[in-house]
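Working notes for the structure below.
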Amino acid sequence: MIKSVLIFNQLGKPRLIKFYEQLDTSQQQDLLRSIHAQVAKRPDTQCNFLECARSINGTDTRIIYRHYATLYFVFVTDLSESELGILDLIQVFVEALDQVFEKVCELDLIFHFDEVSYILAEVVMAGMVIETTALRVPDTEIIKKSGLDTYLFLRSIRTKFIVFSVLSLASAASIVPVNVRGTMGQRGLNSLSMGNVDAKSDWLWAHVTLFALAVAWTMRALIGELRVYMGLRMWWLTHPQTTRRPGAAVVLVSDVPANMSDKQLENLFEVFPGGVGQVFVNRTSRRLKKLVERRDKLAKRLERELTGFAVKCTRAGQLLARPQTRAAKSMFKPCDVFEQCADALAECNKQIARSAQNRAGELERQSTALVRFRRQIAAHMAAQTTLDSRPFRLGRVTTDVDPEDVIWANLEISCWSRRIRGYASFVATLALTVTWTAISAVLSTLVQVESLAQLDRFAWLRGHSLLLGLFSGAVPSLVMALLMAVMPRLLRALLYLEGTPRRSEIRLRLLHRYFWFQVWNVYLVTIFSTSVFQIAVQSLGRPAQIFELVQTQVPQSATSILTYVLLLSFVGAAKEILQGVPLALRYLKPLLLAKSPRELQRAERPGEFKWESAIPTHSVIFLMGFSYAVLQPVVSWFAAVYFGLFYVIYRYQFVYVYDDRAWSVHGVSFPRAVQQMVAGVYVSELFMLAMMVAKLQRSASAILRVVAVALVLVLTVVVHLYINDEYMRSDHLSVRRAADVDANPQMATEFPSLLDSDDSASGLASDELRARNRVFATYRSLVPDIVLRWVLRAVTLTPEARDGDWMDSEEELAGGHDGDVDLARQFSSPEVRARPESTLWVPLADPMFGPLARELERRGRGTIRVAAQGAEVTTRGKVRVDADMEI
């Protein structure tokens, strides 16, 4: 139980005191003074919890605290509370304060005491922690914190979990009893597979029926999810958080002819509604680029040298002699390192300033241009229009351009070079696939090492139970997981070398490429090599038994699938929770790579979530589970566990750990994940059709089963064509949505309505309609509408707050993009935007370094500025930086 919550500054002045047990004022003051005396003298490197020197009402207590800037957040608890849990609770409490007050400080707690008390009451009540599970966090909060892409990713994981949960229950109640009572004599897990059912048995209709229902329900769920996606994406594109970005109404045009002037480009795009605000053709200078790179290297070296000098002087307690080096002009004449770097840095900045005065004659025109429209819808219309019928001219237009997302070096690549690079990248990808295929085939064969031991050449394996167990169990799966971890980096490098202009585009293309790579190497090669090897060994000299072996060996090949899913379920989930690798890098990078405050700050930043590898991996697990859901129901059970674990973990991680708002493609990754799930449905149908053909007998019932599965495949193709026509036609803003927002700007902030017209016109209050809309947004893709309406008639929903409240400033409600965006200032290449001055961020705040800092600024002649804010050297000689400082 929590006994008390105390917030005080470094001087012991209380800013918030809350006791959950009765104590008089004098006891409260004594306890506050005692806790401040214990906590204030402890360095930040020591443990954050300790035994309290005073008891509360005769109960032993423990102090658990965190130190933020000038404030101490202290929770006094009894001995039954988890110390790490309370530390996490303090972090959640502070993050809540930070969201309310935007970088909370001590003054916020003084002048907004009532709001702070209210927030605390939402977290702790009567000394007990109120439910803080991430599963109860509203959807709008997830979208607000992590963006639309994160929310849709969580929806896709949840959909897969529900699909496999329902399939697990249905298979356990229908086909598992049939499989167990089969007459094929299978043992162990194989007795639960369809291979244990005789081909002459009419009980196979249970499998066909369940399979047809599973495919129908899954395709319906995917269509429902796409309907939700379309509504959310249109809402997100017109939301102030998106439209106020500089690139909301900007398009990047590639393959611009050299003889096309800026005025001609402007006239070309004037046909779109609202007209053109500005046209800017990218220009660069190789000389200026090399000059800026040299300047940055010099500044980096000088920061490192100054930081190392400050650390040595602090440890010695006095100002030491400056480091010396050999001058470039005379190898025997030593010179001051700081003076040499400062003079060279000042000279580079001087040349950059001189180059800025003569930009017109120095910059070379590139084949890409940026066009800013006055209306957002015009940018999306331009991206869908054929600008020139001639080849290699204005052939590529992309919207939502972010300067930090652009790969400026790839903009210099010509259209011909980009295409040649693309072909080379494709060939290299095929070569990697062939190489990995050979390795995967060997690993898959190891799973069936017991069958290999039956051959005379490998008779030495017989009797080595430990060796057989390792090769048929964990070793192949571990090696396969390591190989799959390396492959995304190789594919990403190939896509970069192709000349892809944006990092987000590389990630989206990698979703597709890495998924099919895993499907081929992890799934198909594993399945076919395992099954074909077994069939080939057992059918030597007996070719007539091939069809019979297909019936039993294909379901038995689920062993490797089960092992792989189990490995990712528990090892992958534990890896995601513990964050062992990022935590290790968090400490190793500063020690090995960071030699200055700027490098230290970058090294301590948390790593981004690997979307481009996570989405394809989960899609492959869905493909594996769904293709074997009927052949071997146990696979669907473990797949349900897999997606259930990851859904809970990811929801917590994205709410409390990750901050991936930088990864923003406005939800475009979601339809790609849906297409990958449809691919899983197709593979399952092909497997089911092959099994029915293998079990084909000379009976009308067996023929009808083949026809039924083939009909399911045909209907899936029809539904897939419908999905492509209705939901995959375009990722751009619709004219209808743009017109509605222009007529009613408030629509841009309200959660999109997913109700049908009869639901919206039912005469309910607006708050209740919003609550019904949330229910439909959450469950409509998984539950039929008639069931949802029946449930909603039977229950009373609690009215929710307005969806626009989390972005309700008048400036943001006004909507629209910033019409004053200067393309030349914000969207030029980095060397063109470079300013002729350098800011050195070094820990020289100590007064003894004052003369050195002033000397460096004097030698820089106005082009060098020394900043020491947010960086200091501790008494132990370690550099400490402010993670939020921007220099």
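Starting from 1 in every chain, residues are counted up; chains themselves are A, B, ... following the order of the structure tokens, and ligands are numbered from 1 as listed.
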Fewer than 3 positions away in the same chain doesn't count, so skip those; otherwise give me all residues within 6 Å of stretch 595-599 of chain A, counting only C-alpha atoms, as a ChimeraX atom specification. /A:303-304,307,602
Output as a PyMOL selection string all residues of stretch 264-441 of chain A that backbone DSSP marks as alpha helix (DSSP H). chain A and resi 264-269+286-316+337-357+359-362+376-383+415-441
Extract, using only C-alpha atoms, all DNA, RNA and protein residues at most 7 Å from stretch 404-412 of chain A, discarding same-chain residues fewer than 3 positions from it, and format them as a PDB file with N, CA and C atoms, in the first residue's frame.
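What follows is the written file selection39.pdb:
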ATOM      1  N   GLN A 366      19.220  20.207 -60.568  1.00  0.00           N
ATOM      2  CA  GLN A 366      18.967  18.775 -60.486  1.00  0.00           C
ATOM      3  C   GLN A 366      17.686  18.426 -61.235  1.00  0.00           C
ATOM      4  N   THR A 368      15.011  17.099 -60.015  1.00  0.00           N
ATOM      5  CA  THR A 368      13.862  17.017 -59.117  1.00  0.00           C
ATOM      6  C   THR A 368      13.418  18.424 -58.740  1.00  0.00           C
ATOM      7  N   GLY A 499      18.488   4.154 -55.443  1.00  0.00           N
ATOM      8  CA  GLY A 499      18.197   5.572 -55.645  1.00  0.00           C
ATOM      9  C   GLY A 499      16.835   5.976 -55.138  1.00  0.00           C
ATOM     10  N   THR A 500      16.269   5.201 -54.213  1.00  0.00           N
ATOM     11  CA  THR A 500      14.973   5.547 -53.629  1.00  0.00           C
ATOM     12  C   THR A 500      15.073   6.910 -52.936  1.00  0.00           C
ATOM     13  N   PRO A 501      14.188   7.854 -53.254  1.00  0.00           N
ATOM     14  CA  PRO A 501      14.388   9.231 -52.772  1.00  0.00           C
ATOM     15  C   PRO A 501      13.999   9.476 -51.323  1.00  0.00           C
ATOM     16  N   ARG A 502      13.209   8.576 -50.699  1.00  0.00           N
ATOM     17  CA  ARG A 502      12.751   8.844 -49.336  1.00  0.00           C
ATOM     18  C   ARG A 502      12.958   7.618 -48.458  1.00  0.00           C
ATOM     19  N   ARG A 503      13.281   7.854 -47.200  1.00  0.00           N
ATOM     20  CA  ARG A 503      13.484   6.748 -46.261  1.00  0.00           C
ATOM     21  C   ARG A 503      12.182   6.008 -45.989  1.00  0.00           C
ATOM     22  N   SER A 504      11.085   6.720 -45.883  1.00  0.00           N
ATOM     23  CA  SER A 504       9.798   6.064 -45.657  1.00  0.00           C
ATOM     24  C   SER A 504       9.432   5.161 -46.824  1.00  0.00           C
ATOM     25  N   SER A 829      18.634  21.211 -50.325  1.00  0.00           N
ATOM     26  CA  SER A 829      19.561  20.176 -49.880  1.00  0.00           C
ATOM     27  C   SER A 829      20.350  20.693 -48.680  1.00  0.00           C
TER      28      SER A 829
END
What's the 8 Å shell around A:Phe670, counting only C-alpha atoms, without same-chain residues fewer than 5 positions away, as an mmCIF file with C-alpha atoms, in the first residue's frame?
data_model
loop_
_atom_site.group_PDB
_atom_site.id
_atom_site.type_symbol
_atom_site.label_atom_id
_atom_site.label_comp_id
_atom_site.auth_asym_id
_atom_site.auth_seq_id
_atom_site.Cartn_x
_atom_site.Cartn_y
_atom_site.Cartn_z
ATOM 1 C CA ASP A 149 0.511 3.908 -38.150
ATOM 2 C CA LEU A 152 -3.378 0.469 -37.215
ATOM 3 C CA PHE A 153 -0.461 -1.879 -36.543
ATOM 4 C CA SER A 156 -3.778 -5.745 -37.292
ATOM 5 C CA TYR A 229 -8.787 2.183 -42.218
#
Please identify which residues in stretch 91-186 of chain A DSSP calls strand (DSSP E or B) from the backbone, and express them as a ChimeraX atom specification. /A:124-125,128-129
Return the single residue from A:Trp235, A:Phe827, A:Tyr72, A:Tyr514 that is closest to A:Arg736, with distances computed using only C-alpha atoms.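 Nearest to A:Arg736: A:Trp235.
Excluding A:Ile615 itself and same-chain residues fewer than 3 positions from it, the residues having an atom within 8 Å of it are Phe153, Leu511, Trp611, Glu612, His618, Ser619 and Ala673 of chain A, counting only C-alpha atoms.
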State, in Å with one decimal place, the distance from atom CA of A:Ala121 to atom CA of A:Lys18. 9.9 Å
List the neighbours of A:Val706 out to 12 Å using only C-alpha atoms; skip same-chain residues closer than 4 positions along the sequence, and give me the result as a count of residues only. 25
Would you please work out which residue, of A:Val741, A:Val681, A:Ile90, A:Ile162, is nearest to A:Thr243 when using only C-alpha atoms? A:Val741
Quick one: pull the distance between atom CA of A:Ile175 and atom CA of A:Val197, Å, one decimal.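 Distance reported for this atom pair: 10.1 Å.
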Rounded to one decimal place, report the atom CA of A:Arg220-atom CA of A:Glu726 distance in Å.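 Answer for the atom CA of A:Arg220 to atom CA of A:Glu726 separation: 14.0 Å.
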Find the spatial neighbours of A:Ala258, counting only C-alpha atoms, within a cut-off of 12 Å - ignore same-chain residues fewer than 4 positions away - and output them as a PDB file with all heavy atoms, in the first residue's frame.
ATOM      1  N   SER A 254       9.975  14.099 -59.763  1.00  0.00           N
ATOM      2  CA  SER A 254      11.241  13.563 -60.266  1.00  0.00           C
ATOM      3  C   SER A 254      11.249  13.584 -61.789  1.00  0.00           C
ATOM      4  O   SER A 254      10.207  13.751 -62.443  1.00  0.00           O
ATOM      5  CB  SER A 254      11.455  12.132 -59.758  1.00  0.00           C
ATOM      6  OG  SER A 254      11.438  12.092 -58.353  1.00  0.00           O
ATOM      7  N   ASP A 262      11.398  27.033 -64.464  1.00  0.00           N
ATOM      8  CA  ASP A 262      10.536  27.101 -63.289  1.00  0.00           C
ATOM      9  C   ASP A 262       9.158  27.623 -63.665  1.00  0.00           C
ATOM     10  O   ASP A 262       8.140  27.161 -63.123  1.00  0.00           O
ATOM     11  CB  ASP A 262      11.169  28.006 -62.229  1.00  0.00           C
ATOM     12  CG  ASP A 262      12.469  27.439 -61.697  1.00  0.00           C
ATOM     13  OD1 ASP A 262      12.927  26.407 -62.235  1.00  0.00           O
ATOM     14  OD2 ASP A 262      13.022  28.009 -60.735  1.00  0.00           O
ATOM     15  N   GLN A 264       7.602  27.277 -66.534  1.00  0.00           N
ATOM     16  CA  GLN A 264       6.863  26.221 -67.230  1.00  0.00           C
ATOM     17  C   GLN A 264       6.306  25.198 -66.245  1.00  0.00           C
ATOM     18  O   GLN A 264       5.178  24.716 -66.407  1.00  0.00           O
ATOM     19  CB  GLN A 264       7.775  25.539 -68.249  1.00  0.00           C
ATOM     20  CG  GLN A 264       8.112  26.389 -69.451  1.00  0.00           C
ATOM     21  CD  GLN A 264       9.087  25.719 -70.382  1.00  0.00           C
ATOM     22  OE1 GLN A 264      10.043  25.073 -69.934  1.00  0.00           O
ATOM     23  NE2 GLN A 264       8.871  25.858 -71.689  1.00  0.00           N
ATOM     24  N   LEU A 265       7.089  24.873 -65.223  1.00  0.00           N
ATOM     25  CA  LEU A 265       6.592  23.965 -64.191  1.00  0.00           C
ATOM     26  C   LEU A 265       5.396  24.562 -63.464  1.00  0.00           C
ATOM     27  O   LEU A 265       4.397  23.884 -63.202  1.00  0.00           O
ATOM     28  CB  LEU A 265       7.706  23.657 -63.192  1.00  0.00           C
ATOM     29  CG  LEU A 265       8.580  22.426 -63.435  1.00  0.00           C
ATOM     30  CD1 LEU A 265       9.689  22.361 -62.403  1.00  0.00           C
ATOM     31  CD2 LEU A 265       7.765  21.153 -63.414  1.00  0.00           C
ATOM     32  N   VAL A 281      13.085  24.278 -57.940  1.00  0.00           N
ATOM     33  CA  VAL A 281      13.877  23.209 -58.535  1.00  0.00           C
ATOM     34  C   VAL A 281      15.133  23.011 -57.691  1.00  0.00           C
ATOM     35  O   VAL A 281      15.857  23.976 -57.400  1.00  0.00           O
ATOM     36  CB  VAL A 281      14.248  23.544 -59.986  1.00  0.00           C
ATOM     37  CG1 VAL A 281      15.104  22.429 -60.586  1.00  0.00           C
ATOM     38  CG2 VAL A 281      13.001  23.751 -60.822  1.00  0.00           C
ATOM     39  N   ASN A 282      15.369  21.780 -57.283  1.00  0.00           N
ATOM     40  CA  ASN A 282      16.523  21.492 -56.423  1.00  0.00           C
ATOM     41  C   ASN A 282      17.827  21.775 -57.160  1.00  0.00           C
ATOM     42  O   ASN A 282      17.982  21.448 -58.338  1.00  0.00           O
ATOM     43  CB  ASN A 282      16.503  20.021 -55.980  1.00  0.00           C
ATOM     44  CG  ASN A 282      15.457  19.772 -54.918  1.00  0.00           C
ATOM     45  OD1 ASN A 282      15.426  20.443 -53.904  1.00  0.00           O
ATOM     46  ND2 ASN A 282      14.588  18.806 -55.174  1.00  0.00           N
ATOM     47  N   ARG A 283      18.732  22.376 -56.435  1.00  0.00           N
ATOM     48  CA  ARG A 283      20.065  22.672 -56.958  1.00  0.00           C
ATOM     49  C   ARG A 283      21.096  22.301 -55.909  1.00  0.00           C
ATOM     50  O   ARG A 283      20.814  22.333 -54.715  1.00  0.00           O
ATOM     51  CB  ARG A 283      20.180  24.151 -57.336  1.00  0.00           C
ATOM     52  CG  ARG A 283      19.355  24.530 -58.560  1.00  0.00           C
ATOM     53  CD  ARG A 283      19.384  26.022 -58.800  1.00  0.00           C
ATOM     54  NE  ARG A 283      18.799  26.382 -60.081  1.00  0.00           N
ATOM     55  CZ  ARG A 283      17.513  26.527 -60.306  1.00  0.00           C
ATOM     56  NH1 ARG A 283      16.659  26.345 -59.307  1.00  0.00           N
ATOM     57  NH2 ARG A 283      17.054  26.841 -61.509  1.00  0.00           N
ATOM     58  N   GLU A 364      24.264  23.782 -59.344  1.00  0.00           N
ATOM     59  CA  GLU A 364      23.863  23.033 -60.523  1.00  0.00           C
ATOM     60  C   GLU A 364      22.434  22.546 -60.366  1.00  0.00           C
ATOM     61  O   GLU A 364      22.041  22.071 -59.303  1.00  0.00           O
ATOM     62  CB  GLU A 364      24.801  21.828 -60.717  1.00  0.00           C
ATOM     63  CG  GLU A 364      26.266  22.196 -60.856  1.00  0.00           C
ATOM     64  CD  GLU A 364      27.146  20.964 -60.900  1.00  0.00           C
ATOM     65  OE1 GLU A 364      26.585  19.847 -60.840  1.00  0.00           O
ATOM     66  OE2 GLU A 364      28.373  21.118 -60.995  1.00  0.00           O
ATOM     67  N   ARG A 365      21.671  22.656 -61.422  1.00  0.00           N
ATOM     68  CA  ARG A 365      20.268  22.244 -61.415  1.00  0.00           C
ATOM     69  C   ARG A 365      20.168  20.723 -61.383  1.00  0.00           C
ATOM     70  O   ARG A 365      20.901  20.021 -62.081  1.00  0.00           O
ATOM     71  CB  ARG A 365      19.568  22.803 -62.652  1.00  0.00           C
ATOM     72  CG  ARG A 365      18.104  22.393 -62.787  1.00  0.00           C
ATOM     73  CD  ARG A 365      17.581  22.860 -64.128  1.00  0.00           C
ATOM     74  NE  ARG A 365      16.264  22.326 -64.394  1.00  0.00           N
ATOM     75  CZ  ARG A 365      15.148  23.063 -64.412  1.00  0.00           C
ATOM     76  NH1 ARG A 365      15.216  24.361 -64.176  1.00  0.00           N
ATOM     77  NH2 ARG A 365      13.970  22.513 -64.679  1.00  0.00           N
ATOM     78  N   GLN A 366      19.220  20.207 -60.568  1.00  0.00           N
ATOM     79  CA  GLN A 366      18.967  18.775 -60.486  1.00  0.00           C
ATOM     80  C   GLN A 366      17.686  18.426 -61.235  1.00  0.00           C
ATOM     81  O   GLN A 366      16.948  19.310 -61.701  1.00  0.00           O
ATOM     82  CB  GLN A 366      18.855  18.336 -59.025  1.00  0.00           C
ATOM     83  CG  GLN A 366      20.152  18.424 -58.252  1.00  0.00           C
ATOM     84  CD  GLN A 366      20.000  17.939 -56.826  1.00  0.00           C
ATOM     85  OE1 GLN A 366      19.164  18.416 -56.066  1.00  0.00           O
ATOM     86  NE2 GLN A 366      20.816  16.970 -56.460  1.00  0.00           N
ATOM     87  N   SER A 367      17.414  17.127 -61.325  1.00  0.00           N
ATOM     88  CA  SER A 367      16.242  16.672 -62.073  1.00  0.00           C
ATOM     89  C   SER A 367      15.015  16.484 -61.188  1.00  0.00           C
ATOM     90  O   SER A 367      14.089  15.777 -61.562  1.00  0.00           O
ATOM     91  CB  SER A 367      16.554  15.343 -62.784  1.00  0.00           C
ATOM     92  OG  SER A 367      16.886  14.347 -61.824  1.00  0.00           O
ATOM     93  N   THR A 368      15.011  17.099 -60.015  1.00  0.00           N
ATOM     94  CA  THR A 368      13.862  17.017 -59.117  1.00  0.00           C
ATOM     95  C   THR A 368      13.418  18.424 -58.740  1.00  0.00           C
ATOM     96  O   THR A 368      14.222  19.360 -58.702  1.00  0.00           O
ATOM     97  CB  THR A 368      14.195  16.238 -57.836  1.00  0.00           C
ATOM     98  OG1 THR A 368      15.317  16.847 -57.189  1.00  0.00           O
ATOM     99  CG2 THR A 368      14.517  14.786 -58.148  1.00  0.00           C
ATOM    100  N   ALA A 369      12.127  18.555 -58.470  1.00  0.00           N
ATOM    101  CA  ALA A 369      11.565  19.858 -58.107  1.00  0.00           C
ATOM    102  C   ALA A 369      10.513  19.667 -57.026  1.00  0.00           C
ATOM    103  O   ALA A 369       9.913  18.591 -56.890  1.00  0.00           O
ATOM    104  CB  ALA A 369      10.962  20.543 -59.327  1.00  0.00           C
ATOM    105  N   PHE A 392      10.122   8.838 -69.191  1.00  0.00           N
ATOM    106  CA  PHE A 392      11.207   9.431 -68.412  1.00  0.00           C
ATOM    107  C   PHE A 392      11.070  10.948 -68.268  1.00  0.00           C
ATOM    108  O   PHE A 392      12.069  11.662 -68.177  1.00  0.00           O
ATOM    109  CB  PHE A 392      12.583   9.098 -69.021  1.00  0.00           C
ATOM    110  CG  PHE A 392      12.799   7.634 -69.247  1.00  0.00           C
ATOM    111  CD1 PHE A 392      13.327   7.169 -70.439  1.00  0.00           C
ATOM    112  CD2 PHE A 392      12.462   6.713 -68.266  1.00  0.00           C
ATOM    113  CE1 PHE A 392      13.525   5.823 -70.656  1.00  0.00           C
ATOM    114  CE2 PHE A 392      12.671   5.356 -68.473  1.00  0.00           C
ATOM    115  CZ  PHE A 392      13.192   4.904 -69.669  1.00  0.00           C
ATOM    116  N   ARG A 393       9.858  11.447 -68.264  1.00  0.00           N
ATOM    117  CA  ARG A 393       9.634  12.881 -68.066  1.00  0.00           C
ATOM    118  C   ARG A 393       8.502  13.065 -67.048  1.00  0.00           C
ATOM    119  O   ARG A 393       7.375  12.628 -67.288  1.00  0.00           O
ATOM    120  CB  ARG A 393       9.262  13.579 -69.377  1.00  0.00           C
ATOM    121  CG  ARG A 393      10.381  13.572 -70.421  1.00  0.00           C
ATOM    122  CD  ARG A 393       9.877  14.088 -71.753  1.00  0.00           C
ATOM    123  NE  ARG A 393       9.487  15.496 -71.672  1.00  0.00           N
ATOM    124  CZ  ARG A 393      10.300  16.515 -71.952  1.00  0.00           C
ATOM    125  NH1 ARG A 393      11.552  16.273 -72.315  1.00  0.00           N
ATOM    126  NH2 ARG A 393       9.867  17.746 -71.882  1.00  0.00           N
ATOM    127  N   LEU A 394       8.822  13.655 -65.914  1.00  0.00           N
ATOM    128  CA  LEU A 394       7.831  13.939 -64.862  1.00  0.00           C
ATOM    129  C   LEU A 394       7.060  12.676 -64.490  1.00  0.00           C
ATOM    130  O   LEU A 394       5.844  12.707 -64.291  1.00  0.00           O
ATOM    131  CB  LEU A 394       6.856  15.035 -65.329  1.00  0.00           C
ATOM    132  CG  LEU A 394       7.478  16.342 -65.807  1.00  0.00           C
ATOM    133  CD1 LEU A 394       6.392  17.276 -66.327  1.00  0.00           C
ATOM    134  CD2 LEU A 394       8.272  17.012 -64.711  1.00  0.00           C
ATOM    135  N   SER A 414      20.232  10.217 -61.979  1.00  0.00           N
ATOM    136  CA  SER A 414      19.401  10.384 -63.173  1.00  0.00           C
ATOM    137  C   SER A 414      18.399   9.241 -63.292  1.00  0.00           C
ATOM    138  O   SER A 414      18.545   8.190 -62.655  1.00  0.00           O
ATOM    139  CB  SER A 414      20.270  10.443 -64.428  1.00  0.00           C
ATOM    140  OG  SER A 414      20.947   9.211 -64.624  1.00  0.00           O
TER     141      SER A 414
END
Stretch 165-282 of chain A residues near stretch 625-641 of chain A within 7 Å, closest pair each, using only C-alpha atoms, as JSON lines:
{"residue": "A:Ser165", "atom": "CA", "partner": "A:Ala640", "partner_atom": "CA", "distance": 5.4}
{"residue": "A:Leu167", "atom": "CA", "partner": "A:Ser636", "partner_atom": "CA", "distance": 6.9}
{"residue": "A:Ser168", "atom": "CA", "partner": "A:Trp637", "partner_atom": "CA", "distance": 5.3}
{"residue": "A:Ser171", "atom": "CA", "partner": "A:Pro633", "partner_atom": "CA", "distance": 6.3}
{"residue": "A:Leu192", "atom": "CA", "partner": "A:Gln632", "partner_atom": "CA", "distance": 6.6}
{"residue": "A:Ser193", "atom": "CA", "partner": "A:Gln632", "partner_atom": "CA", "distance": 4.4}
{"residue": "A:Met194", "atom": "CA", "partner": "A:Leu631", "partner_atom": "CA", "distance": 5.1}
{"residue": "A:His207", "atom": "CA", "partner": "A:Val630", "partner_atom": "CA", "distance": 6.4}
{"residue": "A:Phe211", "atom": "CA", "partner": "A:Val630", "partner_atom": "CA", "distance": 6.5}
When distances are computed from only C-alpha atoms, which of A:Asp336, A:Glu266, A:Glu347, A:Glu498 shows the smallest separation from A:Arg421?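 Of A:Asp336, A:Glu266, A:Glu347, A:Glu498, the one nearest A:Arg421, counting only C-alpha atoms, is A:Glu498.
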Go through A:Thr863, A:Asn57, A:Ser355, A:Gln675 one by one, measure the shortest atom-to-atom distance of each to A:Phe19 using only C-alpha atoms, and give the residue with the smallest value.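 That would be A:Asn57, the residue with the smallest distance to A:Phe19.
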